[in-house]
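Novice: My questions all concern the structure below.
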Amino acid sequence: MADVRTYANLEVAVRSDTSDVGEGPVFDPRTGHLLWVDIYGRKIFQDNLSTGRQSVTDVGTMIGAVAPRATDDGFAVAVADGFGYVTGDGLTLVDPVLPEPNLRMNDGKVDSHGRFWAGSNDMEFAPGQGRLHRWDGDGPSVVVADGLVLPNGLGWNAEDTVMYLADSYANLLYRADFHAEPGELGRLEVLAKTEGVGVPDGLAVDVEGCFWVAMHGGREVRRYDPTGRVVGLVPVPVLQPTSCAFGADGRLFITSARNGLSADELANSPLSGSVFVVETGTEGVPVRPFRA
């Protein structure tokens with residue numbers, strides 16, 4: 001792996017010793033703040049990275065992903081039971097697509113046309129129960145793919161012709177042809193089966209056609225090229241990196257989790273739950289706000 005580049009200039013962007021499962025980082029174009037969630041902690045964090053000031057919103061239920069809105073205040077969210085909005089008045093569940101108590105929404109992201117895509121999974125991660133949903137905001141969400149385990153990080157290439165998707169507990173990275181105008185997805189094809197320690201979690205796509213995958217349990221973020229080959233590694237000082245997102249300046253922000261770690265593991269990884277940042281030398285494909 002001599003041709004694999006290591007990105008070693010990692011720093012702490014947001015220190016947290018209370019976040020349980022930090023996930024879903026995304027930047028809010030309305031404020032420039034970094035948004036991220038704590039799935040089991042039921043919170044949305046808004047971080048002003050210039051001042052260090054943080055705002056915290058308790059959603060009241062498990063939250064898998066958050067997205068800024070294009071035309072209204074507040075946020076679009078993928079929560080335990082489906083899709084909705086969080087405003088100053090709290091959570092409004094608009095699309096209760098998952099009423100079953102054994103199912104919940106997980107990670108998600110907004111596409112170039114402002115549609116919200118998110119995976120769902122069985123709470124015990126039963127194989128075949130994972131689905132990929134698309135919510136347009138003007139009606140019920142639709143299931144775009146099923147038969148998965150834990151659909152997780154997703155994103156699109158700069159040309160808007162390919163979607164990448166991680167299925168964590170299958171240890172698989174998928175690609176599919178993407179038709180941006182109607183929001184249609186081709187057949188999911190296995191691009192790579194991840195090897196080594198950890199499972200593929202959240203991801204971000206760069207403008208050079210590569211995508212960066214947080215390896216939960218593996219102490220690293222991997223950069224894959226479009227053929228599924230590892231071309232870069234970001235070592236992180238915690239066991240459980242969870243997801244990543246590009247800032248406007250090309251830096252990569254990496255969330256992490258402390259959930260499930262023993263006292264000894266936490267002692268060896270005291271920054272677990274924090275957000276890290278690393279210089280990449282590239283830029284990310286822009287992530288749009290939710291259109292409704």
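Identifiers in the structure tokens: chain A, B, ... in order shown; residue index from 1 per chain; ligand index from 1 in order shown.
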List as a compact mmCIF listing (two decimals) with N, CA, C and O atoms, in the first residue's frame the protein and nucleic acid residues near range 249-253 of chain A, meaning an atom at most 10 Å away when only C-alpha atoms are counted, but skip any in the same chain fewer than 2 places from it.
Specialist:
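Contents of around.txt, as written:
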```
# COMPACT_ATOMS: atom_id res chain seq x y z
N LEU A 10 -4.22 16.09 11.76
CA LEU A 10 -5.56 16.11 12.37
C LEU A 10 -5.57 16.99 13.61
O LEU A 10 -4.62 17.01 14.39
N GLU A 11 -6.67 17.73 13.78
CA GLU A 11 -6.87 18.57 14.97
C GLU A 11 -8.28 18.35 15.52
O GLU A 11 -9.15 17.81 14.83
N VAL A 12 -8.48 18.77 16.76
CA VAL A 12 -9.81 18.73 17.35
C VAL A 12 -10.55 20.00 16.96
O VAL A 12 -10.07 21.11 17.19
N ALA A 13 -11.73 19.83 16.34
CA ALA A 13 -12.56 20.97 15.96
C ALA A 13 -13.57 21.31 17.03
O ALA A 13 -13.79 22.48 17.34
N VAL A 14 -14.20 20.28 17.61
CA VAL A 14 -15.18 20.45 18.69
C VAL A 14 -14.93 19.36 19.71
O VAL A 14 -15.08 18.17 19.40
N PRO A 25 -22.51 15.03 10.11
CA PRO A 25 -22.07 16.43 10.00
C PRO A 25 -22.47 17.03 8.66
O PRO A 25 -22.41 16.39 7.61
N VAL A 26 -22.86 18.30 8.69
CA VAL A 26 -23.19 19.04 7.48
C VAL A 26 -23.11 20.53 7.82
O VAL A 26 -23.38 20.92 8.96
N PHE A 27 -22.73 21.34 6.86
CA PHE A 27 -22.63 22.78 7.11
C PHE A 27 -23.91 23.48 6.69
O PHE A 27 -24.52 23.16 5.67
N LEU A 34 -21.40 24.47 11.72
CA LEU A 34 -21.36 23.02 11.57
C LEU A 34 -22.53 22.41 12.32
O LEU A 34 -22.69 22.62 13.53
N ALA A 204 -18.28 11.09 2.75
CA ALA A 204 -18.34 12.35 2.01
C ALA A 204 -17.61 12.17 0.70
O ALA A 204 -16.64 11.41 0.61
N ASP A 206 -15.59 13.83 -2.70
CA ASP A 206 -14.82 15.00 -3.12
C ASP A 206 -14.95 15.24 -4.62
O ASP A 206 -15.48 14.41 -5.37
N VAL A 207 -14.47 16.39 -5.07
CA VAL A 207 -14.64 16.80 -6.46
C VAL A 207 -13.73 16.04 -7.41
O VAL A 207 -13.88 16.15 -8.64
N TRP A 212 -14.73 9.54 0.95
CA TRP A 212 -14.07 9.35 2.22
C TRP A 212 -15.03 8.66 3.19
O TRP A 212 -16.14 9.14 3.40
N VAL A 234 -6.82 8.54 6.90
CA VAL A 234 -6.75 9.55 7.95
C VAL A 234 -6.79 8.84 9.30
O VAL A 234 -7.86 8.40 9.73
N SER A 243 -18.61 9.56 10.86
CA SER A 243 -19.00 10.18 9.60
C SER A 243 -18.07 11.34 9.31
O SER A 243 -17.20 11.67 10.12
N CYS A 244 -18.28 11.98 8.16
CA CYS A 244 -17.42 13.10 7.79
C CYS A 244 -18.14 14.00 6.79
O CYS A 244 -19.08 13.59 6.10
N ALA A 245 -17.69 15.24 6.73
CA ALA A 245 -18.25 16.23 5.82
C ALA A 245 -17.19 17.27 5.50
O ALA A 245 -16.38 17.63 6.36
N PHE A 246 -17.22 17.78 4.28
CA PHE A 246 -16.28 18.81 3.86
C PHE A 246 -16.79 20.19 4.24
O PHE A 246 -17.98 20.49 4.07
N GLY A 247 -15.87 21.02 4.72
CA GLY A 247 -16.15 22.43 4.85
C GLY A 247 -15.88 23.12 3.52
O GLY A 247 -15.34 22.52 2.58
N THR A 255 -16.88 13.19 12.70
CA THR A 255 -17.56 12.95 13.97
C THR A 255 -17.13 11.60 14.54
O THR A 255 -16.55 10.75 13.85
N VAL A 275 -15.42 16.07 17.58
CA VAL A 275 -15.35 16.27 16.14
C VAL A 275 -13.92 16.69 15.79
O VAL A 275 -13.34 17.56 16.45
N PHE A 276 -13.36 16.08 14.76
CA PHE A 276 -11.99 16.35 14.34
C PHE A 276 -11.99 17.01 12.96
O PHE A 276 -12.99 16.96 12.23
N VAL A 277 -10.85 17.59 12.60
CA VAL A 277 -10.74 18.22 11.28
C VAL A 277 -9.35 17.95 10.72
O VAL A 277 -8.36 17.91 11.47
N VAL A 278 -9.28 17.76 9.41
CA VAL A 278 -8.01 17.46 8.76
C VAL A 278 -7.97 18.15 7.39
O VAL A 278 -8.98 18.28 6.70
N GLU A 279 -6.78 18.65 7.01
CA GLU A 279 -6.58 19.21 5.68
C GLU A 279 -6.51 18.07 4.68
O GLU A 279 -5.88 17.04 4.92
N THR A 280 -7.18 18.25 3.52
CA THR A 280 -7.23 17.17 2.53
C THR A 280 -6.56 17.52 1.21
O THR A 280 -6.23 16.61 0.43
N GLY A 281 -6.41 18.80 0.90
CA GLY A 281 -5.86 19.19 -0.38
C GLY A 281 -6.84 19.08 -1.54
O GLY A 281 -6.45 19.22 -2.70
N THR A 282 -8.10 18.83 -1.22
CA THR A 282 -9.13 18.78 -2.25
C THR A 282 -10.36 19.53 -1.74
O THR A 282 -10.28 20.22 -0.72
N GLU A 283 -11.47 19.41 -2.42
CA GLU A 283 -12.72 20.04 -2.00
C GLU A 283 -13.84 19.02 -2.08
O GLU A 283 -13.77 18.06 -2.84
N GLY A 284 -14.89 19.29 -1.30
CA GLY A 284 -16.02 18.38 -1.31
C GLY A 284 -17.07 18.78 -2.33
O GLY A 284 -17.19 19.94 -2.72
N VAL A 285 -17.83 17.79 -2.79
CA VAL A 285 -19.01 18.07 -3.61
C VAL A 285 -20.02 18.80 -2.72
O VAL A 285 -20.33 18.32 -1.63
```
Novice: Write down as a PyMOL selection string the residues belonging to range 211-282 of chain A that are assigned alpha helix (DSSP H) by DSSP computed on the backbone.
Specialist: chain A and resi 263-268
Novice: For Asp17 in chain A, which residue among A:Val77, A:Ala257, A:Val287, A:Leu148 is the nearest when counting only C-alpha atoms?
Specialist: A:Ala257
Novice: Just the residues within 9 Å of Gly60 in chain A, please, counting only C-alpha atoms, with nothing from its chain fewer than 5 positions along; format it as a PDB file with C-alpha atoms, in the first residue's frame.
Specialist:
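As a result, out-v3.pdb now contains:
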```
ATOM      1  CA  GLY A  41     -28.579  11.503  22.865  1.00  0.00           C
ATOM      2  CA  ARG A  42     -31.443  12.879  20.706  1.00  0.00           C
ATOM      3  CA  LYS A  43     -29.681  16.179  20.037  1.00  0.00           C
ATOM      4  CA  GLY A  90     -39.926  21.430  18.644  1.00  0.00           C
ATOM      5  CA  LEU A  91     -40.283  18.395  16.397  1.00  0.00           C
TER       6      LEU A  91
END
```
Novice: Have a look at CA of Asp201 in chain A and CA of Arg291 in chain A and let me know their distance in Å, one decimal.
Specialist: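 CA of Asp201 in chain A sits 25.6 Å away from CA of Arg291 in chain A.
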Novice: For each of A:Gly114, A:Gly32, A:Gly82, A:Gly198, take the minimum atom-to-atom distance to Arg69 in chain A, counting only C-alpha atoms, then give the residue where this is smallest.
Specialist: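 Looking only at the distances to Arg69 in chain A, the closest residue turns out to be A:Gly114.
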Novice: Got a sec to tell me which of range 82-290 of chain A DSSP assigns to strand (DSSP E), as an MDAnalysis selection string?
Specialist: chainID A and resid 82:87 90:95 103:110 116:122 130:135 142:148 151:156 162:167 172:179 184:185 189:193 199:205 211:216 220:224 230:235 241:246 252:256 275:278
Novice: Taking only C-alpha atoms into account, which of A:Asn9, A:Thr31, A:Gln240, A:Asn102 comes nearest Asn48 in chain A?
Specialist: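 Result for the nearest residue to Asn48 in chain A: A:Thr31.
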Novice: Excluding Phe75 in chain A and residues on its chain fewer than 5 positions from it, collect all residues at most 6 Å away from it, counting only C-alpha atoms, and give them as a VMD selection string.
Specialist: chain A and resid 67 to 69 85 to 86
Novice: Take the selection from the previous step and output its residues with N, CA, C and O atoms, as a short mmCIF file (atom, residue, chain, number, x, y, z; two decimals), in the first residue's frame.
Specialist:
```cif
data_model
loop_
_atom_site.label_atom_id
_atom_site.label_comp_id
_atom_site.auth_asym_id
_atom_site.auth_seq_id
_atom_site.Cartn_x
_atom_site.Cartn_y
_atom_site.Cartn_z
N ALA A 67 -30.71 18.33 8.26
CA ALA A 67 -30.39 19.10 7.06
C ALA A 67 -30.95 20.51 7.21
O ALA A 67 -32.09 20.68 7.64
N PRO A 68 -30.17 21.54 6.87
CA PRO A 68 -30.72 22.90 6.84
C PRO A 68 -31.79 22.99 5.76
O PRO A 68 -31.80 22.21 4.80
N ARG A 69 -32.71 23.95 5.93
CA ARG A 69 -33.79 24.15 4.97
C ARG A 69 -33.47 25.33 4.06
O ARG A 69 -32.83 26.30 4.46
N TYR A 85 -39.70 18.06 10.69
CA TYR A 85 -39.02 19.34 10.85
C TYR A 85 -38.80 19.63 12.33
O TYR A 85 -39.62 19.27 13.18
N VAL A 86 -37.69 20.29 12.63
CA VAL A 86 -37.43 20.81 13.97
C VAL A 86 -37.35 22.33 13.86
O VAL A 86 -36.56 22.87 13.08
#
```
Novice: When you draw a straight line from CA of Glu189 in chain A to CA of Leu98 in chain A, how long is it in Å?
Specialist: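 CA of Glu189 in chain A sits 26.0 Å away from CA of Leu98 in chain A.
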Novice: Could you check the closest approach to Leu172 in chain A for each of A:Glu184, A:Cys210, A:Thr194, A:Asn157 and tell me which residue wins, using only C-alpha atoms?
Specialist: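 Closest candidate: A:Thr194.
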Novice: Write out as an NGL selection string which residues come within 12 Å of Ser256 in chain A when counting only C-alpha atoms, dropping same-chain ones fewer than 3 positions away.
Specialist: :A and (12-25 or 36-39 or 201-202 or 214-221 or 236-244 or 253 or 259 or 261 or 269-277)
